[in-house]
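A.B. asks: Quick one: the structure is below, questions incoming.
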Amino acid sequence: MPSRLLAAGQGLALAAGLAFATPAAAGPTQSPGPAAVSDPRDDLSPWGVASGAEWFSAYPIFNPMLKQAGVRWLRGFYEWQTIQPQQGAWNFTLPDRLLSDARANGIHLTGVLAYFAPWASADGGTRRFPIKDIQFWRDYVTGMVGRYQSDIKYWEVWNEFNGSFAENGTPAIYAELVREASRAAKRVDPTAKIGLSVANFDVRFIDAAIKAGAADNFDFVCVHPYEILGRLADKGEPVFLGMTTTLRNMLRANHQADDIPLWITEVGAPAPIKPDAVLDKVQAAQLAKAYLLAIASGFTRVFWFEARGPSYGNGGDLGLIRSDMTPRPAYAALALLTGTLGAEPRPAGWLELGDGGYGFLFDTPDSPVLAAWSPGTHDISLSFDSSVQLSTLAGEQLRLPAGKPLALETTPVLIKGLPAALVAQARSHKAMPYPWGGDHSGAAVVSTQLKASNGENGVRQVRQDTTVADADWRRTDFSRGDGEGHYVYFSVDPQFAPPGTTALEITAVVRRTTPDTVAGMIIDYESDKGYVGSEYRTIPAGGGWQEVSWTIQDANFIGTWGWHFRLNAISSPNEFLVKEIRVRKLG
């Protein structure tokens with residue numbers, strides 16, 4: 001979901017109902033960081049919101065609302081074409097007003113250096129490369145940083161360069177923009193920070209840009225993991241938690257500093273434009289998990305996209321605030337997080353609650369807070385030796401007496417007044433690998449059995465809604481109106497196949513829906529060149545289960561779009577049944 005920039009314890013009782021390869025289930029990777037920040041342009045707050053151009057003119061209305069919700073950072077700035085409509089002619093009126101309003105509301109702005117001014121672009125537009133003269137870019141960066149260095153410390157280079165906002169763009173071109181932006185900015189303001197930024201979780205592109213010349217010319221890294229957030233509905237928390245480790249491994253392999261801050265500058269989940277009590281609650285829970293998981297795993301700053309919705313007539317609303325300026329439940333959820341965890345929460349450890357429940361401890365100015373929720377596959381009940389205070393996303397403040405059970409739901413709950421022994425237990429886990437998803441690092445083969453309730457052993461079906469389930473198999477669902485029923489998506493445990501694991505055999509145990517109806521598929525998989533397709537395989541005739549296999553030598557399972565490979569039946573004459581998927585390491 002790309003954005004648009006701006007033109008114009010012991011006291012706890014449980015009852016359950018790339019060439020960079022390191023296990024991705026480690027605990028938080030964030031460096032300890034300074035105890036305090038004295039720069040008035042900066043702080044240690046993770047609470048950010050991003051805004052696109054469609055509703056950005058309403059910032060005088062929504063900025064006070066963001067302040068009230070505890071938001072400390074806003075990502076949204078005017079485009080090059082607005083600020084410098086002609087070469088040598090600057091118009092700072094609109095960004096000056098924006099800065100003044102943000103300052104009045106105690107909100108820090110992050111700058112985004114984008115896109116082209118038409119006079120600087122070879123085709124007279126704002127998105128297509130090449131640039132006429134790289135000196136134009138240097139002058140633009142110099143002018144922006146020179147004007148706003150007293151207010152803005154952090155500058156992202158472009159917005160989703162690897163997406164649809166940079167026609168003819170390459171990693172080498174992006175590396176040049178980053179390098180020249182860094183040099184120009186730091187000549188004006190040596191304390192300025194320059195950020196790499198990509199759509200999705202495109203670690204491959206970041207890696208390529210660093211190798212092409214961006215190395216040592218950036219100070220923070222930004223990702224937009226919309227698809228990975230969307231996977232949380234399918235027990236995708238381990239994948240979300242693994243992002244920081246994957247990024248750290250990539251940076252380390254490129255000899256970049258271990259403490260480079262990692263940011264999420266866009267992430268969001270939609271809800272219907274019109275109020276819907278059920279679906280609005282789902283969006284609020286997604287927002288809470290996005291911030292909680294990101295902070296727990298080591299992201300320095302998180303920006304929800306977007307402040308006000310809906311976005312560009314897409315039928316969904318990612319906004320904290322509706323178009324009529326009324327707050328959504330997601331807004332209330334964010335206000336609860338900032339109010340309970342404080343302006344600068346720090347990750348302090350984790351707990352596995354019962355059989356797979358999630359628990360993350362945060363240090364706050366008052367006392368430690370535990371965020372807890374269930375994966376939703378079975379009941380998890382907690383009780384404590386002493387009374388604790390509960391805060392729900394709906395705004396309820398409840399006292400849970402000692403010994404009274406608390407049934408966890410998929411919506412997070414915040415718990416204060418924890419027993420000291422429980423806090424100590426969570427702290428002792430801080431540097432340990434996360435337990436969720438199992439440990440498949442030493443396995444030779446991982447698999448999943450597809451049926452009404454899948455049996456996962458290191459392979460997970462990402463989108464179960466694309467198939468029709470039976471007690472013993474699943475089948476493709478060509479009848480879906482969106483065409484997604486031709487695909488069956490999977491991810492592999494990151495400990496089994498971390499980035500850099502290249503040689504794999506993927507086997508599908510499949511059967512024709514009826515023996516005389518021809519069917520077949522390819523696999524699309526994540527490689528060192530991005531997502532690519534394999535050769536087509538026809539399912540052998542007959543009524544029995546058949547094994548169809550592919551050998552790949554260029555796997556690079558990062559999860560850019562939230563999945564690693566899929567069965568692709570777009571060319572199949574008929575549907576088929578799928579019983580099992582196996583992935584085996586080769587070599």
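How things are named: the first chain in the structure tokens is A, the next is B, and so on; residues count from 1 in each chain; ligands count from 1 in the order shown.
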Write out as a ChimeraX atom specification all residues of range 371-429 of chain A that DSSP puts in strand (DSSP E or B) for this structure's backbone.

C.D. replies: /A:371-373,380-384,388-392,397-400,406-407,413-416

A.B. asks: Taking only C-alpha atoms into account, produce a table as a Markdown table in which each residue of range 203-297 of chain A with an atom at most 10 Å from an atom of range 391-399 of chain A appears once, together with its shortest atom pair and the distance in Å to one decimal, ordered by chain and rising number.

C.D. replies:
| residue | atom | partner | partner_atom | distance |
| --- | --- | --- | --- | --- |
| A:Lys281 | CA | A:Ala394 | CA | 8.5 |
| A:Ala284 | CA | A:Leu393 | CA | 7.5 |
| A:Ala285 | CA | A:Leu393 | CA | 7.6 |
| A:Ala288 | CA | A:Leu393 | CA | 8.2 |

A.B. asks: Select from range 201-396 of chain A everything DSSP, run on the backbone, classes as helix (DSSP H, G or I), then give the selection as an mmCIF file with C-alpha atoms, in the first residue's frame.

C.D. replies:
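result_7.cif was written with the following content:
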data_model
loop_
_atom_site.group_PDB
_atom_site.id
_atom_site.type_symbol
_atom_site.label_atom_id
_atom_site.label_comp_id
_atom_site.auth_asym_id
_atom_site.auth_seq_id
_atom_site.Cartn_x
_atom_site.Cartn_y
_atom_site.Cartn_z
ATOM 1 C CA VAL A 203 15.330 -6.362 1.760
ATOM 2 C CA ARG A 204 16.680 -7.523 -1.613
ATOM 3 C CA PHE A 205 16.387 -3.993 -3.013
ATOM 4 C CA ILE A 206 18.017 -2.430 0.048
ATOM 5 C CA ASP A 207 20.853 -4.935 -0.204
ATOM 6 C CA ALA A 208 21.332 -4.153 -3.899
ATOM 7 C CA ALA A 209 21.303 -0.392 -3.307
ATOM 8 C CA ILE A 210 23.904 -0.686 -0.546
ATOM 9 C CA LYS A 211 26.132 -2.762 -2.794
ATOM 10 C CA ALA A 212 25.617 -0.262 -5.645
ATOM 11 C CA GLY A 213 27.033 2.637 -3.646
ATOM 12 C CA ALA A 214 24.692 3.576 -0.803
ATOM 13 C CA TYR A 226 1.732 -3.977 4.862
ATOM 14 C CA GLU A 227 1.556 -7.592 3.717
ATOM 15 C CA ILE A 228 3.416 -8.892 6.752
ATOM 16 C CA LEU A 229 1.003 -7.045 9.030
ATOM 17 C CA GLY A 230 -1.854 -8.584 7.060
ATOM 18 C CA ARG A 231 -0.486 -12.021 7.874
ATOM 19 C CA LEU A 232 -1.221 -11.592 11.582
ATOM 20 C CA ALA A 233 -4.706 -12.926 10.898
ATOM 21 C CA ASP A 234 -2.964 -16.214 9.959
ATOM 22 C CA GLU A 237 3.475 -12.870 14.467
ATOM 23 C CA PRO A 238 6.756 -14.872 14.148
ATOM 24 C CA VAL A 239 7.316 -13.463 10.667
ATOM 25 C CA PHE A 240 6.699 -9.903 11.892
ATOM 26 C CA LEU A 241 9.056 -10.445 14.817
ATOM 27 C CA MET A 243 11.975 -8.667 10.284
ATOM 28 C CA THR A 244 14.548 -6.845 12.405
ATOM 29 C CA THR A 245 16.847 -9.876 12.474
ATOM 30 C CA THR A 246 16.672 -10.224 8.699
ATOM 31 C CA LEU A 247 17.502 -6.543 8.283
ATOM 32 C CA ARG A 248 20.350 -6.698 10.804
ATOM 33 C CA ASN A 249 21.835 -9.743 9.079
ATOM 34 C CA MET A 250 21.697 -8.006 5.711
ATOM 35 C CA LEU A 251 23.314 -4.850 7.095
ATOM 36 C CA ARG A 252 25.986 -6.873 8.856
ATOM 37 C CA ALA A 253 26.775 -8.795 5.669
ATOM 38 C CA ALA A 277 -18.349 -2.443 14.914
ATOM 39 C CA VAL A 278 -16.782 -5.812 14.093
ATOM 40 C CA LEU A 279 -14.368 -4.797 11.337
ATOM 41 C CA ASP A 280 -13.394 -1.540 13.041
ATOM 42 C CA LYS A 281 -12.384 -3.625 16.056
ATOM 43 C CA VAL A 282 -10.211 -5.813 13.794
ATOM 44 C CA GLN A 283 -8.430 -2.746 12.440
ATOM 45 C CA ALA A 284 -7.818 -1.456 15.967
ATOM 46 C CA ALA A 285 -6.313 -4.806 16.978
ATOM 47 C CA GLN A 286 -4.071 -4.789 13.904
ATOM 48 C CA LEU A 287 -2.860 -1.319 14.765
ATOM 49 C CA ALA A 288 -2.063 -2.319 18.346
ATOM 50 C CA LYS A 289 -0.165 -5.413 17.210
ATOM 51 C CA ALA A 290 1.765 -3.417 14.616
ATOM 52 C CA TYR A 291 3.130 -1.014 17.231
ATOM 53 C CA LEU A 292 3.617 -3.624 19.965
ATOM 54 C CA LEU A 293 5.419 -6.178 17.783
ATOM 55 C CA ALA A 294 7.524 -3.527 16.099
ATOM 56 C CA ILE A 295 8.693 -1.942 19.344
ATOM 57 C CA ALA A 296 9.231 -5.340 20.983
ATOM 58 C CA SER A 297 11.390 -6.603 18.113
ATOM 59 C CA PRO A 329 -11.608 2.763 17.159
ATOM 60 C CA ALA A 330 -8.036 2.509 15.825
ATOM 61 C CA TYR A 331 -7.475 6.086 16.993
ATOM 62 C CA ALA A 332 -8.688 5.159 20.476
ATOM 63 C CA ALA A 333 -6.427 2.093 20.443
ATOM 64 C CA LEU A 334 -3.391 4.225 19.626
ATOM 65 C CA ALA A 335 -4.292 6.696 22.366
ATOM 66 C CA LEU A 336 -4.524 3.795 24.832
ATOM 67 C CA LEU A 337 -1.090 2.503 23.809
ATOM 68 C CA THR A 338 0.607 5.875 24.184
ATOM 69 C CA GLY A 339 -1.217 6.625 27.428
ATOM 70 C CA THR A 340 -0.406 3.268 29.013
ATOM 71 C CA LEU A 341 3.110 2.703 27.691
#

A.B. asks: Counting only C-alpha atoms, what is within 8 Å of Gly403 in chain A, bar same-chain residues fewer than 3 positions away, as a PyMOL selection string?

C.D. replies: chain A and resi 383-387

A.B. asks: Let's have the selection written as a compact mmCIF listing (two decimals), in the first residue's frame, with N, CA and C atoms.

C.D. replies:
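Saved to result05.txt:
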# COMPACT_ATOMS: atom_id res chain seq x y z
N SER A 383 -4.06 -16.37 35.25
CA SER A 383 -4.44 -15.85 36.56
C SER A 383 -3.16 -15.43 37.28
N PHE A 384 -3.29 -14.49 38.20
CA PHE A 384 -2.13 -13.92 38.87
C PHE A 384 -2.28 -14.09 40.38
N ASP A 385 -1.11 -14.13 41.08
CA ASP A 385 -1.12 -14.29 42.53
C ASP A 385 -1.56 -13.03 43.25
N SER A 386 -1.48 -11.90 42.55
CA SER A 386 -1.92 -10.63 43.14
C SER A 386 -2.79 -9.92 42.12
N SER A 387 -3.54 -8.95 42.56
CA SER A 387 -4.42 -8.25 41.64
C SER A 387 -3.60 -7.42 40.65

A.B. asks: Residues within 8 Å of Trp350 in chain A, please, as a count of residues only. Count only C-alpha atoms; anything in the same chain fewer than 3 positions from it doesn't count.

C.D. replies: 8

A.B. asks: Show me, as a PyMOL selection string, the residues that have an atom within 12 Å of Pro64 in chain A when counting only C-alpha atoms, minus same-chain residues fewer than 3 positions from it.

C.D. replies: chain A and resi 58-61+67-72+74+101-107+307+325

A.B. asks: Name the closest residue to Ala541 in chain A among the candidates A:Trp55, A:Phe362, A:Phe576, A:Phe116; distances are taken between atoms, counting only C-alpha atoms.

C.D. replies: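 Selected residue with least distance to Ala541 in chain A: A:Phe576.
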
A.B. asks: At what distance in Å, to one decimal, does CA of Val488 in chain A lie from CA of Asn568 in chain A?

C.D. replies: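 Interatomic distance here is 6.9 Å.
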
A.B. asks: As an exercise, work out the distance from CA of Arg582 in chain A to CA of Asp379 in chain A in Å and give it to one decimal place.

C.D. replies: 29.3 Å

A.B. asks: When you look at Thr326 in chain A with a cut-off of 10 Å (counting only C-alpha atoms), what residues show up, excluding the ones that are within fewer than 4 positions of it in the same chain? I need them as JSON, numbers by chain.

C.D. replies: {"A": [62, 65, 308, 320, 321, 322, 331]}

A.B. asks: Restricting the calculation to only C-alpha atoms: of A:Gly533, A:Gly500, A:Gly169, A:Gly143, which residue gets closest to Phe129 in chain A?

C.D. replies: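 Looking at the shortest contact to Phe129 in chain A, the residue is A:Gly169.
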
A.B. asks: Quick one: everything within 9 Å of Met144 in chain A, counting only C-alpha atoms, minus sequence neighbours fewer than 3 positions away in the same chain. Send it as a count of residues only.

C.D. replies: 10

A.B. asks: Point out the residue among A:Val423, A:Ala407, A:Val188, A:Val388 with the least atom-to-atom distance to Thr142 in chain A, counting only C-alpha atoms.

C.D. replies: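 Nearest to Thr142 in chain A: A:Val188.
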
A.B. asks: Pick the closest to Glu160 in chain A from A:Gly520, A:Arg138, A:Tyr115, A:Glu176: which is it, counting only C-alpha atoms?

C.D. replies: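 Of A:Gly520, A:Arg138, A:Tyr115, A:Glu176, the one nearest Glu160 in chain A, counting only C-alpha atoms, is A:Tyr115.
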
A.B. asks: Between CA of Ile570 in chain A and CA of Tyr531 in chain A, what is the distance in Å, rounded to a tenth?

C.D. replies: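 About the pair CA of Ile570 in chain A and CA of Tyr531 in chain A: they are 15.8 Å apart.
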
A.B. asks: Between A:Ala444, A:Ala215, A:Ile539, A:Ala555, which is the closest to Ala257 in chain A once you count only C-alpha atoms?

C.D. replies: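 Comparing A:Ala444, A:Ala215, A:Ile539, A:Ala555 against Ala257 in chain A, the winner is A:Ala215.
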
A.B. asks: When distances are computed from only C-alpha atoms, which of A:Asp472, A:Asp554, A:Asp439, A:Asp465 shows the smallest separation from Pro499 in chain A?

C.D. replies: A:Asp554
